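This report concerns only the one structure given below.
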Amino acid sequence: MRVATDIGGTFTDLVYLDEHGKIGTAKSDTTPPHFEQGVIQVIQKAGIDPLEIATFIHGTTVIINALTERKGVKTGLITTKGFRDVLEIARGNRPDLFNVRYQKPTPFVARFLRKEVSERINYKGEVMTELAVEEVKATVEQLRAEGVEAIAVSFLHAYANPIHEKLAVEAIREIWPEVAVTASHEVTKEWREYERTSTAVLNSYVKPIAKSYIDKLSNHLHDIGLDGNKYIMQSNSGTTTFEQSKETPINMVESGPVAGIFGSAILGQILGEENIIAFDIGGTTAKCSLIDKGEVKVTTEYRIEKDERNAGYPIKVPVVDIVEIGNGGGSIAWIDGAGSLKVGPQSAGALPGPVAYGRGGESPTTTDANLVTGRLSPANFQNEVNMEAVKQAIDEKIAKHFGISVEEAALGIIRIANSNMLNALKLISIRKGYDPREFSLVAFGGGGPMHALALAKELGVKKVIIPIAASVFSAWGMLMTDLRHDYIQTYIRRMNGLNQEELNREWSQLEKEATDQYEREGIAADQVLFVRYADIRYVGQEHAVKVPVPNGLMDAKAIEEVIYRFHDLHEQHYTFKLEHAPTEIVNLHLTAFGTVQKPRIASLGRQGDNSEEARKEVRPVLFEEYGWIDTTVYDRELLNAGSAVKGPAIVEEPSSSTVIYPGQHLIVDEYGNLIITTGV
C-alpha cells in the first residue's frame, strides 16, 4: 500500500491507499518538538502493518517552523568582495510605501558573519578574477571560531558559471568536513543577486535541522519495520527522496500545504474538471490556489513572512503559487484598538486550542462560533464540550462589547472569518484575470467544507466539491504525486534571431542533468517525463511571464508558437499585449517528473439514494440572511453514491462538517465525493 502522513499545526494526518483502491484515514495530535513521534503514533492508530507499506510519503512543517520561529543554526556567508551587504540592502520596492518608520527585514546572517573573498565572474560566465582559495580557507577558520554551524556561499553571477562556488565548497569541506554548506547554484541558477543569496542562506540555516529531523524519522520508521520507498513532499507539488531533501531542505518550505493543491488537480482530472480553485482551511490558516486547465501554478517569487507591512524574505525555488492567511478553526476573535471585531491571525493552536477543546483555552475562536450557531455538533468532538464555557467566552470577549446576543456575536465571527477568506480567494482568481464563475471550488481541511458554500455564493462559483477524506486531503494528495525536480537556468536572449542550435543544446543539457539525477535516485530514463517553460518578457520590462514550451527540437515554427502564447498570456496577466514589440527569454525552466505507479481509486460500491437512512437528527442552525432554520443532519459515512440532499442541510463526518445553504443541492458521486450546486 501507499501511505502518506502530513504534519499540521494541530493534527498529524494519515491516508493510505491499498492495492485494491481502498482508502483509509487516521488523525492524531501533532507532537512538537518531536514531530516524528506523531508520525509513528498516527501509523499505529491507523492499524497498518508497516511491513505492507511499499511507499511512504511525508509532508512536514519542520522547515517553515524553523524559519518563522528562528530556530535554525548560526550561519555564516561567504560572498564576492564588495557584496557583503546584499542581504541588508535587499530591494527598494518596499510594501509599506508611506511608512517613514519602515524597517527592512533583519538578515538571518549578522554582518560580522558575512565575509568577502576575492573572485569575480561577469554576467557572461567569464572569469575576471580567479578565486583566492587561501582567503576562503582563512575565512572558514574565522567562522569556525565564531561558532557557526552552517555556511552559505554566494558569488556574483554564479548562475552563469558556478566554477568558483564549487572550488569554495571543496576548500570548505577539505578543512571542515562536518559543517553544513550550501552554494547558491545548488539551490537556484536564476539571476537576481539578493534573492539567490537569501535562498542559499536560508537553506544553510535549516540544513542541520532538516538532517536531524529526517534521520530521526527514518530511524523510527526503520524500527517499526517500514523499509519501503520513502519520499518527502516538496513545495513544487512533487516528491523527492529523503537523502535529496537533506541537501536542499528549502524545497520543503511549503511541504504540507501544496499537496492538497496537487490533490485537487488530480481530483479534477478524475471528475473531468479542468478549472479548479483549491481551498484548504486547517486549524491555524486558510490556503488557496488556482488550477487553470489542469495546471498547478508554480512560481519562484515566493517569500516567507511577507504581508502588507513587511517585505519578507525571498526564497527563489519553485513553490506552488499559494495564498495563505491566518484564518482557521483555531483563529481567535478579538476587538482591536478602534473597537472593531477581528478574527486571526492569532491562533489558539493545538494547546490550549479553542474553548470547546476543554484544554484551558479562554479566547473564542471560529470553531467555538460554529458550535454556537449549530453548524458543529458537540457530539462530534472527541472530548465532552462545555457549551456554557463556549458561550461565556464569546459573551465576555465579544458580545458584551457590542451589546448583542451570544448567537449574533458568533455569527459575526463567522462572517468576519469568511470575509478574510473571500479576500484570499479573490487574490488568486479575480486579481489575476480569472473569472471564478468558470471554476469549481474544491474545499478540504477540517474547516473547508464548513465555510466553502458561503464563499462560493459570494464569488459566483457554481459547483463545490467536498472530496472524500476531506479533513486529511493534503495527505491524500501526496499519494497521487510523482517525483519532481525543477531545473531553472537564466538564459537571456532576444527571441528574434534566436540561435536555435544553442537553444536546443541548453534544453538538452537540462534534460541530461535531470536524467542523471533520477538515475542516481533509482528511476529509469523511460519513467522520466519532461515539461518545458520559458520566462519571457517584452524587451525593457522588468518581470516576465511563464510560457509553456513544446518538447523536442525547437525550430522557427515552434519559436513563433511560443511568442504567440506569450502575447496571449501577457494580455491575461496585465490586460494588454504589444504584438509588434521585441521579446526576450529570461529563464529556461524544465520540470522533470519521475513517474511512479499509483493505484486506482475504487468507487464507493454502495449505490442508490439512501439519504433518509443516513439522517442523524434535525437541529436548529443559524444562517446568514435566513436566521435560525431547523436543519437535517446526515452521516456522510452512511451516504451511498447517488444520494441526493437539498439545503439547508449539514453532512457530518468524524473530523469535518459540510454546511449546505437553502437553495443548494448535493449529490454523492461514485467515489464518495460530495458535489454541490450552489444555485448562483
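Naming works like this for the C-alpha cells: A, B, ... for the chains as they're shown, residue 1 at the start of each chain, ligands 1 onward in shown order.
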
With DSSP run on the backbone, what are the helix (DSSP H, G or I) residues within stretch 77-308 of chain A? I'd like them as a PDB file with C-alpha atoms, in the first residue's frame.
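Saved result, selection.pdb, follows:
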```pdb
ATOM      1  CA  VAL A  86      23.472  42.463  -0.322  1.00  0.00           C
ATOM      2  CA  LEU A  87      21.210  40.871   2.342  1.00  0.00           C
ATOM      3  CA  GLU A  88      20.991  44.231   4.142  1.00  0.00           C
ATOM      4  CA  ILE A  89      20.413  46.358   1.037  1.00  0.00           C
ATOM      5  CA  ARG A 111      27.033  41.423   9.442  1.00  0.00           C
ATOM      6  CA  PHE A 112      30.092  40.170  11.366  1.00  0.00           C
ATOM      7  CA  LEU A 113      29.368  36.662   9.984  1.00  0.00           C
ATOM      8  CA  VAL A 133      41.251  29.848  -2.272  1.00  0.00           C
ATOM      9  CA  GLU A 134      43.538  30.703   0.645  1.00  0.00           C
ATOM     10  CA  GLU A 135      41.212  33.599   1.553  1.00  0.00           C
ATOM     11  CA  VAL A 136      38.325  31.131   1.606  1.00  0.00           C
ATOM     12  CA  LYS A 137      40.209  28.835   3.984  1.00  0.00           C
ATOM     13  CA  ALA A 138      41.145  31.717   6.296  1.00  0.00           C
ATOM     14  CA  THR A 139      37.528  32.909   6.283  1.00  0.00           C
ATOM     15  CA  VAL A 140      36.274  29.432   7.204  1.00  0.00           C
ATOM     16  CA  GLU A 141      38.603  29.369  10.214  1.00  0.00           C
ATOM     17  CA  GLN A 142      37.203  32.740  11.321  1.00  0.00           C
ATOM     18  CA  LEU A 143      33.636  31.444  11.024  1.00  0.00           C
ATOM     19  CA  ARG A 144      34.539  28.254  12.886  1.00  0.00           C
ATOM     20  CA  ALA A 145      35.954  30.366  15.708  1.00  0.00           C
ATOM     21  CA  ILE A 163      33.109  27.178 -11.025  1.00  0.00           C
ATOM     22  CA  HIS A 164      34.211  29.464  -8.154  1.00  0.00           C
ATOM     23  CA  GLU A 165      31.401  28.322  -5.858  1.00  0.00           C
ATOM     24  CA  LYS A 166      32.382  24.699  -6.494  1.00  0.00           C
ATOM     25  CA  LEU A 167      36.027  25.460  -5.665  1.00  0.00           C
ATOM     26  CA  ALA A 168      34.997  27.291  -2.486  1.00  0.00           C
ATOM     27  CA  VAL A 169      32.830  24.383  -1.330  1.00  0.00           C
ATOM     28  CA  GLU A 170      35.730  21.956  -1.976  1.00  0.00           C
ATOM     29  CA  ALA A 171      38.016  24.147   0.143  1.00  0.00           C
ATOM     30  CA  ILE A 172      35.462  24.359   2.987  1.00  0.00           C
ATOM     31  CA  ARG A 173      34.905  20.596   3.046  1.00  0.00           C
ATOM     32  CA  GLU A 174      38.640  19.957   2.939  1.00  0.00           C
ATOM     33  CA  ILE A 175      39.331  21.838   6.179  1.00  0.00           C
ATOM     34  CA  SER A 184      23.811  29.197  -4.315  1.00  0.00           C
ATOM     35  CA  HIS A 185      23.988  27.291  -7.643  1.00  0.00           C
ATOM     36  CA  GLU A 186      22.924  24.109  -5.816  1.00  0.00           C
ATOM     37  CA  VAL A 187      19.533  25.611  -4.978  1.00  0.00           C
ATOM     38  CA  GLU A 193      21.711  38.555  -6.523  1.00  0.00           C
ATOM     39  CA  TYR A 194      19.708  39.343  -3.395  1.00  0.00           C
ATOM     40  CA  GLU A 195      17.111  36.595  -3.916  1.00  0.00           C
ATOM     41  CA  ARG A 196      19.742  33.984  -4.793  1.00  0.00           C
ATOM     42  CA  THR A 197      21.859  34.851  -1.748  1.00  0.00           C
ATOM     43  CA  SER A 198      18.802  34.825   0.528  1.00  0.00           C
ATOM     44  CA  THR A 199      17.829  31.346  -0.737  1.00  0.00           C
ATOM     45  CA  ALA A 200      21.321  29.933  -0.171  1.00  0.00           C
ATOM     46  CA  VAL A 201      21.467  31.414   3.341  1.00  0.00           C
ATOM     47  CA  LEU A 202      18.038  30.085   4.351  1.00  0.00           C
ATOM     48  CA  ASN A 203      18.899  26.618   3.001  1.00  0.00           C
ATOM     49  CA  SER A 204      22.065  26.538   5.118  1.00  0.00           C
ATOM     50  CA  TYR A 205      20.187  27.933   8.132  1.00  0.00           C
ATOM     51  CA  VAL A 206      17.787  24.950   8.205  1.00  0.00           C
ATOM     52  CA  LYS A 207      20.058  22.242   6.758  1.00  0.00           C
ATOM     53  CA  PRO A 208      21.223  20.749  10.096  1.00  0.00           C
ATOM     54  CA  ILE A 209      17.629  20.925  11.417  1.00  0.00           C
ATOM     55  CA  ALA A 210      16.338  19.042   8.367  1.00  0.00           C
ATOM     56  CA  LYS A 211      19.075  16.417   8.557  1.00  0.00           C
ATOM     57  CA  SER A 212      18.421  15.778  12.245  1.00  0.00           C
ATOM     58  CA  TYR A 213      14.652  15.508  11.733  1.00  0.00           C
ATOM     59  CA  ILE A 214      14.785  13.284   8.649  1.00  0.00           C
ATOM     60  CA  ASP A 215      17.393  10.990  10.219  1.00  0.00           C
ATOM     61  CA  LYS A 216      15.249  10.614  13.365  1.00  0.00           C
ATOM     62  CA  LEU A 217      12.133   9.943  11.298  1.00  0.00           C
ATOM     63  CA  SER A 218      13.976   7.454   9.110  1.00  0.00           C
ATOM     64  CA  ASN A 219      15.311   5.602  12.172  1.00  0.00           C
ATOM     65  CA  HIS A 220      11.874   5.483  13.819  1.00  0.00           C
ATOM     66  CA  LEU A 221      10.325   4.124  10.608  1.00  0.00           C
ATOM     67  CA  HIS A 222      13.074   1.512  10.346  1.00  0.00           C
ATOM     68  CA  ASP A 223      12.489   0.488  13.971  1.00  0.00           C
ATOM     69  CA  PHE A 242      14.845  11.504   1.982  1.00  0.00           C
ATOM     70  CA  GLU A 243      18.531  11.851   1.018  1.00  0.00           C
ATOM     71  CA  GLN A 244      17.987  14.668  -1.507  1.00  0.00           C
ATOM     72  CA  SER A 245      15.709  16.543   0.898  1.00  0.00           C
ATOM     73  CA  LYS A 246      18.574  16.737   3.417  1.00  0.00           C
ATOM     74  CA  GLU A 247      20.728  18.553   0.829  1.00  0.00           C
ATOM     75  CA  PRO A 249      15.614  21.339   2.563  1.00  0.00           C
ATOM     76  CA  ILE A 250      14.496  24.799   1.426  1.00  0.00           C
ATOM     77  CA  ASN A 251      12.464  22.940  -1.223  1.00  0.00           C
ATOM     78  CA  MET A 252      10.244  21.686   1.651  1.00  0.00           C
ATOM     79  CA  PRO A 257       0.001  22.751   2.057  1.00  0.00           C
ATOM     80  CA  VAL A 258       0.915  22.219  -1.615  1.00  0.00           C
ATOM     81  CA  ALA A 259      -0.060  18.530  -1.509  1.00  0.00           C
ATOM     82  CA  GLY A 260      -3.722  19.452  -1.156  1.00  0.00           C
ATOM     83  CA  ILE A 261      -3.425  21.787  -4.150  1.00  0.00           C
ATOM     84  CA  PHE A 262      -1.907  18.996  -6.251  1.00  0.00           C
ATOM     85  CA  GLY A 263      -4.548  16.571  -4.958  1.00  0.00           C
ATOM     86  CA  SER A 264      -7.247  18.995  -6.135  1.00  0.00           C
ATOM     87  CA  ALA A 265      -5.753  18.977  -9.631  1.00  0.00           C
ATOM     88  CA  ILE A 266      -5.720  15.159  -9.681  1.00  0.00           C
ATOM     89  CA  LEU A 267      -9.297  15.025  -8.376  1.00  0.00           C
ATOM     90  CA  GLY A 268     -10.264  17.484 -11.116  1.00  0.00           C
ATOM     91  CA  GLN A 269      -8.783  15.107 -13.728  1.00  0.00           C
ATOM     92  CA  ILE A 270     -10.774  12.194 -12.289  1.00  0.00           C
ATOM     93  CA  LEU A 271     -14.018  14.207 -12.304  1.00  0.00           C
TER      94      LEU A 271
END
```

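Neighbours of A:Gly225 closer than or equal to 9 Å, with only C-alpha atoms counted and sequence neighbours fewer than 5 positions away skipped, come out as Asp49, Pro50, Leu51 and His220 of chain A.
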
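Proximity ranking of A:Met1, A:Pro648, A:Glu301, A:Asp568 relative to A:His543 places A:Glu301 first, based on only C-alpha atoms.
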
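Note that the spacing between atom CA of A:Asn640 and atom CA of A:Ile23 amounts to 15.8 Å.
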
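Of note, atom CA of A:Val633 and atom CA of A:Thr677 are spaced 18.1 Å apart.
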
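Closest approach to A:Ile43 among A:Asn65, A:Thr658, A:Thr12, A:Thr79 is made by A:Thr12 (distances from only C-alpha atoms).
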
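Computed from the coordinates, the atom CA of A:Met233 to atom CA of A:Gly59 distance equals 5.1 Å.
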
Cut-off 12 Å: closest stretch 53-99 of chain A/stretch 467-475 of chain A atom pairs per residue, using only C-alpha atoms, as CSV:
```
residue,atom,partner,partner_atom,distance
A:Phe56,CA,A:Ala475,CA,10.9
A:Ile57,CA,A:Ala475,CA,8.4
A:His58,CA,A:Ala475,CA,8.1
A:Gly59,CA,A:Ala475,CA,7.6
A:Thr60,CA,A:Ala475,CA,10.6
```

Inset, instruction - Please provide the set of residues having any atom within 8 Å of A:Asp635, restricted to only C-alpha atoms, with same-chain residues fewer than 3 positions apart removed, written as a ChimeraX atom specification. - result: /A:614-616,638-639,651-653

Can you spit out the residues from that selection as a compact mmCIF listing (two decimals), in the first residue's frame, using N, CA, C and O atoms?
```txt
# COMPACT_ATOMS: atom_id res chain seq x y z
N ALA A 614 -29.59 7.80 6.12
CA ALA A 614 -28.36 8.42 6.64
C ALA A 614 -28.65 9.62 7.54
O ALA A 614 -27.72 10.25 8.04
N ARG A 615 -29.94 9.94 7.75
CA ARG A 615 -30.28 11.07 8.63
C ARG A 615 -29.87 10.79 10.07
O ARG A 615 -30.12 9.71 10.61
N LYS A 616 -29.24 11.79 10.71
CA LYS A 616 -28.84 11.64 12.11
C LYS A 616 -29.83 12.35 13.04
O LYS A 616 -30.22 11.81 14.06
N LEU A 638 -22.52 7.05 5.92
CA LEU A 638 -23.63 6.16 5.56
C LEU A 638 -24.22 6.45 4.19
O LEU A 638 -24.96 5.65 3.64
N LEU A 639 -23.89 7.63 3.61
CA LEU A 639 -24.49 8.02 2.33
C LEU A 639 -23.95 7.17 1.18
O LEU A 639 -22.74 6.99 1.04
N VAL A 651 -23.85 17.81 6.47
CA VAL A 651 -23.34 16.45 6.31
C VAL A 651 -22.12 16.33 7.21
O VAL A 651 -21.11 17.01 7.00
N GLU A 652 -22.22 15.49 8.23
CA GLU A 652 -21.16 15.36 9.23
C GLU A 652 -20.29 14.14 8.97
O GLU A 652 -20.77 13.10 8.51
N GLU A 653 -19.02 14.29 9.26
CA GLU A 653 -18.08 13.16 9.29
C GLU A 653 -17.22 13.36 10.54
O GLU A 653 -17.30 14.41 11.18
```

Inset, instruction - Would you please give, as a PyMOL selection string, all residues of stretch 384-582 of chain A that DSSP assigns to strand (DSSP E) based on the backbone? - result: chain A and resi 440-444+463-466+483-494+528-538+545-549

Inset, instruction - Name all residues at most 9 Å from A:Glu384 (count only C-alpha atoms; drop same-chain ones fewer than 6 positions away) and give them as a PyMOL selection string. - result: chain A and resi 356-358+378

Inset, instruction - May I have the residues within 10 Å of A:Phe83 as a VMD selection string, using only C-alpha atoms and disregarding those fewer than 6 positions away in the same chain? - result: chain A and resid 89 114 to 117 154 to 156 193 to 194
